[in-house]
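Peer 1: Okay, handing you the structure first.
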Amino acid sequence: MSGESGQPQPGPSHAGLYLEHRERDKAGVPGGVIRRADSQRRRSWIQKVIEQITGSPRQCVTLSEVVPVTVLAVQRYLLEDEPRDTVPKPPLYCYDVTISDGVYQEKCYLDPSLNFLVYQNILKVGIEMRISRVSCLYNEKRLGQGILCIDKVHCGEPLDVISVETPFRNRAHEEKPERPLRGGKSHYLALWNNEDPYGDIWKTNKQPEEFNFNNIKIISLSHLELTWNSRKNFPALLVRVLHKSKLRYYGKPNKKMIEPYQTYLEVADSSGMVSVILWNTLCPEWYKSLRVGLILLLQDYTVKKSYPLRIQPDPVDPQMKLISTMEICLNLRDPPTNIVIIPEKQLKSEWKLPKLINRFITRSELDDMPENSICDVIGLLSFVGRVQRSKKKENSEDFWSYRWIHISDGTSEQPFIVQLFSTSQPEVFENIYPMTYFVCTQLKVVRNNSQVPKLLYLTTTNESRVLTTGHRGQPYTYDPKNASHPSTSQAAGKEDHCHERGSKRSQDDRPMGSQHFQYTPMVLSLCAKRKILQGPSANPVPVPQPYSSAQMKGSKHNIPSIFSSRESSTAYATGKSRRIINDRWESRLWRDKKFSLRDHLHYGHVDPESIPRKFILEHEKFLTQQFNSQPAKYIPPEGKPPKLDEFQSALSLGHFEVTILGLNHEIAIDVAFLPMYSPEDVQASQIDTFLTCMNFSCVCPPEAPGSGRLPDPKALAGDIVKAAADLDRVHIIGILDICNLGNNKVEVCLQKIYTPE
């Protein structure tokens with residue numbers, strides 16, 4: 001598919017011509033100067049475009065020659081208000097697009113009227129694109145600096161082979177750290193949310209260092225709480241980090257802040273726990289280096305009254321005092337804060353710093369946990385959903401990024417179901433896959449016992465942290481709870497026996513590395529992995545969709561009825577063989593009305609991106625990328641990547657195509673329905689008709705009489721459709737999930753239905 005659009009927005013920001021310096025050399029000069037291509041190479045199309053627009057008296061130029069270019073990067077940032085703006089506007093995010101014509105690369109400004117191409121995932125890295133109209137944005141503060149603006153494009157399909165070795169025409173675009181083309185903001189944001197650190201301004205080089213405590217005066221937190229109002233200078237603090245929040249970006253177009261970030265640390269000494277705030281440029285300097293559990297020496301900080309609306313996390317130790325009357329402020333200026341990471345080996349017993357304590361629970365304990373309880377979990381990932389986004393506020397350009405995951409710990413037939421929001425750890429969030437040991441802290445329990453099946457899952461909080469590697473030495477590795485699992489010595493004796501004869505075991509079979517496997521007592525062997533992931537809970541369980549009561553309410557004058565259903569042509573892959581099921585049921589009403597409709601919307605097709613796939617370790621990088629958001633920069637694949645539809649579906653029932661007719665019998669819509677097959681869910685037993693199947697978003701069939709075995713799911717799908725007479729003229733309230741998959745592909749799935757009383 002492709003997308004084409006263009007609405008040039010001429011105005012003061014487009015004023016001026018691209019005035020280039022005529023002094024050139026082969027290497028290129030900063031400041032918008034063209035690099036001379038070598039005489040043996042073909043001439044650059046980008047260079048031709050620059051010459052065409054500089055020779056034109058108009059602001060916008062329709063290009064005489066349109067050739068395909070490759071998109072290598074799509075980068076987002078916040079554009080400040082122009083000086084002429086008197087009324088502050090909502091945040092306006094802009095995009096710089098890096099293209100290559102095979103000779104040079106060029107970073108271009110995307111006209112804001114084309115931002116929707118990024119929102120809809122039409123304009124993305126790795127595709128072929130044709131630019132037919134451009135304009136010039138002139139920087140009046142620096143002579144000769146012009147920016148190429150894209151005003152009209154046609155986006156094509158992804159390319160199989162892309163060269164990333166071409167140089168930038170403008171050497172300034174190669175400078176580090178990377179800077180946006182426009183505005184006073186000094187850095188790019190993550191492409192899809194504001195919580196993730198992105199780009200080369202985020203440092204990771206802070207290390208523990210031996211410190212001489214001679215002549216250093218240290219004050220306790222409780223003493224500081226009593227005296228801070230009467231002090232002008234504050235002694236040093238020696239504390240341990242107990243919690244770390246995700247990043248908060250508070251940039252606005254009318255605020256002249258270079259790096260408007262904020263994050264909270266919860267730190268403690270022997271006298272209590274208090275909040276510490278890192279502000280602005282201190283966040284890129286320190287955020288990625290500050291880990292939970294580190295010992296910090298803080299000097300040259302400020303103290304202020306705590307923000308009344310913020311809720312601090314409770315200390316894990318009930319004996320620890322929570323100091324909520326003040327906050328410690330750290331800033332790079334006014335005064336410049338001094339932060340030192342103290343090595344753990346320098347820790348002295350007389351400091352009496354608290355130990356890091358976790359609230360680990362097992363899956364068997366979760367059923368008894370009250371709503372809104374906070375807990376930590378550890379186990380093996382058995383399911384990783386695709387990344388999704390939801391708006392933070394209506395009419396806002398800001399989104400939350402999240403995904404659903406299942407974590408199995410072997411103590412229950414059911415896994416932990418977790419709604420995992422971005423925790424400002426993109427290196428983990430974007431690289432998780434099944435068969436990985438996974439730790440997630442500070443999770444909140446969400447439950448609704450009045451719903452059938454009962455709603456029970458965990459969701460992340462502001463202080464949640466996730467971990468897939470680096471478990472060695474963490475306190476939880478010796479927690480007496482994951483003791484029920486085989487120890488390392490037991491695993492060593494069973495591992496070879498557990499492996500299939502003739503199978504090859506790669507290092508990737510141990511996602512945390514062999515060194516960790518030797519030293520951590522709680523680590524599960526491969527045999528234990530298979531027991532957890534292929535045992536009683538091997539079948540998928542339904543992912544809960546928490547709908548509010550307001551969403552369930554609907555006008556009784558607008559309740560549509562279901563009139564047609566069929567088990568669609570989802571392929572079941574076993575090796576290279578495919579089995580297609582095409583059972584169908586139609587109501588009498590549909591046969592009478594389907595040829596006299598005013599409109600029939602066809603959204604029953606399910607694209608490959610929406611079908612969960614069975615995980616294959618050999619292709620973990622490819623599968624991980626497929627179910628992530630699009631990256632900001634093109635990442636060359638390793639070898640020839642496979643096709644997504646070559647991987648076996650994890651939906652044993654396939655999917656249903658359901659046609660819903662409006663009450664006025666004028667409009668119908670085809671939607672897809674992908675139920676989960678969940679025979680273990682005793683709360684949803686006897687879900688064996690299509691109506692109850694849609695009510696519960698899953699299928700839980702009865703056992704075949706006298707056999708003690710469940711029916712084949714493929715045969716069950718056909719039986720459900722054939723027995724769909726209970727759908728005839730049924731009025732429903734349907735909740736639909738409308739998903740934009742990019743490239744003009746829109747998918748509508750039926751999540752749940754409610755039958756009004």
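Residues are referred to by chain and number: the chain letter is A, B, ... according to the order shown in the structure tokens, the number counts from 1 in that chain, and ligands are numbered separately from 1 in the order shown.
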Report as a ChimeraX atom specification: the residues of region 91-273 of chain A with a DSSP assignment of helix (DSSP H, G or I), based on the backbone of this structure.
Peer 2: /A:112-119,171-174,221-230
Peer 1: Give me the residues of region 134-253 of chain A that have any atom at most 9 Å from an atom of region 394-407 of chain A; for each, the nearest atom pair and the distance in Å, rounded to one decimal. Use only C-alpha atoms, sort by chain and number, and format it as CSV.
Peer 2:
```
residue,atom,partner,partner_atom,distance
A:Trp192,CA,A:Phe399,CA,7.2
A:Asn193,CA,A:Phe399,CA,5.7
A:Asn194,CA,A:Asp398,CA,7.4
A:Glu195,CA,A:Trp400,CA,8.3
```
Peer 1: Nearest residue to Tyr433 (chain A) out of A:Asn358, A:Gln319, A:Thr468, A:Ser364, using only C-alpha atoms?
Peer 2: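 Of all the options, A:Thr468 lies closest to Tyr433 (chain A).
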Peer 1: Which polymer residues have any atom within 8 Å of an atom of Lys244 (chain A), counting only C-alpha atoms, with same-chain residues fewer than 5 positions away left out, as a compact mmCIF listing (two decimals) with N, CA and C atoms, in the first residue's frame?
Peer 2:
```
# COMPACT_ATOMS: atom_id res chain seq x y z
N THR A 263 12.78 13.23 37.14
CA THR A 263 12.61 11.88 37.64
C THR A 263 12.78 11.87 39.15
N TYR A 264 12.14 10.90 39.79
CA TYR A 264 12.18 10.77 41.24
C TYR A 264 12.99 9.54 41.64
N LEU A 265 13.77 9.70 42.68
CA LEU A 265 14.41 8.59 43.37
C LEU A 265 13.85 8.55 44.79
N GLU A 266 13.58 7.36 45.30
CA GLU A 266 13.26 7.20 46.71
C GLU A 266 14.51 6.65 47.38
N ARG A 291 20.95 3.11 39.39
CA ARG A 291 20.17 1.89 39.51
C ARG A 291 19.65 1.74 40.93
N VAL A 292 18.55 1.03 41.04
CA VAL A 292 18.03 0.69 42.36
C VAL A 292 19.06 -0.15 43.10
N GLU A 463 7.00 3.58 39.61
CA GLU A 463 8.32 3.13 40.10
C GLU A 463 8.66 1.72 39.64
N SER A 464 7.89 1.14 38.74
CA SER A 464 8.18 -0.22 38.28
C SER A 464 9.49 -0.26 37.50
N ARG A 465 10.24 -1.35 37.73
CA ARG A 465 11.46 -1.60 36.97
C ARG A 465 11.41 -3.02 36.45
```
Peer 1: When you count only C-alpha atoms, which of these residues is closest to Pro158 (chain A): A:Phe438, A:Tyr287, A:Tyr634, A:Tyr198?
Peer 2: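 Closest candidate: A:Tyr634.
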Peer 1: In Å, rounded to a single decimal, give me how far CA of Leu601 (chain A) is from CA of Lys392 (chain A).
Peer 2: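 CA of Leu601 (chain A) lies at a distance of 29.3 Å from CA of Lys392 (chain A).
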Peer 1: Can you measure CA of Thr337 (chain A) to CA of Leu290 (chain A) for me? One decimal in Å is fine.
Peer 2: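 CA of Leu290 (chain A) lies at a distance of 14.7 Å from CA of Thr337 (chain A).
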Peer 1: Quick one: pull the distance between CA of Lys355 (chain A) and CA of Phe213 (chain A), Å, one decimal.
Peer 2: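 Going from CA of Lys355 (chain A) over to CA of Phe213 (chain A) covers 21.4 Å.
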Peer 1: Do you know which residues are at most 12 Å from Phe615 (chain A) counting only C-alpha atoms, after dropping those on the same chain fewer than 2 positions away, and could you put them as a count of residues only?
Peer 2: 28
Peer 1: Would you kindly return, as an NGL selection string, each protein, DNA or RNA residue with an atom no farther than 10 Å from any atom of Asn229 (chain A), considering only C-alpha atoms and excluding same-chain residues fewer than 4 positions away?
Peer 2: :A and (224-225 or 303-305 or 326)
Peer 1: Could you dump the residues just selected with N, CA, C and O atoms as a PDB file, in the first residue's frame?
Peer 2:
```pdb
ATOM      1  N   LEU A 224      17.718  16.178  59.047  1.00  0.00           N
ATOM      2  CA  LEU A 224      17.513  17.191  58.015  1.00  0.00           C
ATOM      3  C   LEU A 224      16.052  17.630  57.968  1.00  0.00           C
ATOM      4  O   LEU A 224      15.751  18.819  57.779  1.00  0.00           O
ATOM      5  N   GLU A 225      15.139  16.693  58.157  1.00  0.00           N
ATOM      6  CA  GLU A 225      13.714  17.020  58.154  1.00  0.00           C
ATOM      7  C   GLU A 225      13.375  18.040  59.235  1.00  0.00           C
ATOM      8  O   GLU A 225      12.535  18.931  59.026  1.00  0.00           O
ATOM      9  N   VAL A 303      16.706  21.830  49.316  1.00  0.00           N
ATOM     10  CA  VAL A 303      15.565  21.181  49.965  1.00  0.00           C
ATOM     11  C   VAL A 303      14.346  22.086  49.820  1.00  0.00           C
ATOM     12  O   VAL A 303      14.448  23.311  49.961  1.00  0.00           O
ATOM     13  N   LYS A 304      13.216  21.489  49.504  1.00  0.00           N
ATOM     14  CA  LYS A 304      11.986  22.269  49.420  1.00  0.00           C
ATOM     15  C   LYS A 304      10.832  21.460  49.997  1.00  0.00           C
ATOM     16  O   LYS A 304      10.942  20.242  50.222  1.00  0.00           O
ATOM     17  N   LYS A 305       9.729  22.151  50.228  1.00  0.00           N
ATOM     18  CA  LYS A 305       8.535  21.485  50.719  1.00  0.00           C
ATOM     19  C   LYS A 305       8.026  20.535  49.649  1.00  0.00           C
ATOM     20  O   LYS A 305       8.012  20.849  48.466  1.00  0.00           O
ATOM     21  N   MET A 326       9.279  16.970  53.001  1.00  0.00           N
ATOM     22  CA  MET A 326      10.298  17.680  52.222  1.00  0.00           C
ATOM     23  C   MET A 326      10.746  16.827  51.044  1.00  0.00           C
ATOM     24  O   MET A 326      10.505  15.619  50.991  1.00  0.00           O
TER      25      MET A 326
END
```
Peer 1: A:Gln312, A:Gln346, A:Ser271, A:Thr98: which is nearest Glu209 (chain A), counting only C-alpha atoms?
Peer 2: A:Gln346
Peer 1: Of the candidates A:His602, A:Lys256, A:Lys107, A:Lys246, which shows the shortest atom-to-atom distance to His173 (chain A), using only C-alpha atoms?
Peer 2: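 Looking only at the distances to His173 (chain A), the closest residue turns out to be A:Lys107.
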Peer 1: Find, counting only C-alpha atoms, the residue in A:Pro313, A:Pro68, A:Gly126, A:Pro415 that gets nearest to Asp160 (chain A).
Peer 2: A:Gly126
Peer 1: Just checking: using only C-alpha atoms, which residue out of A:Cys94, A:Leu294, A:Val439, A:Leu455 ends up closest to Leu380 (chain A)?
Peer 2: A:Val439
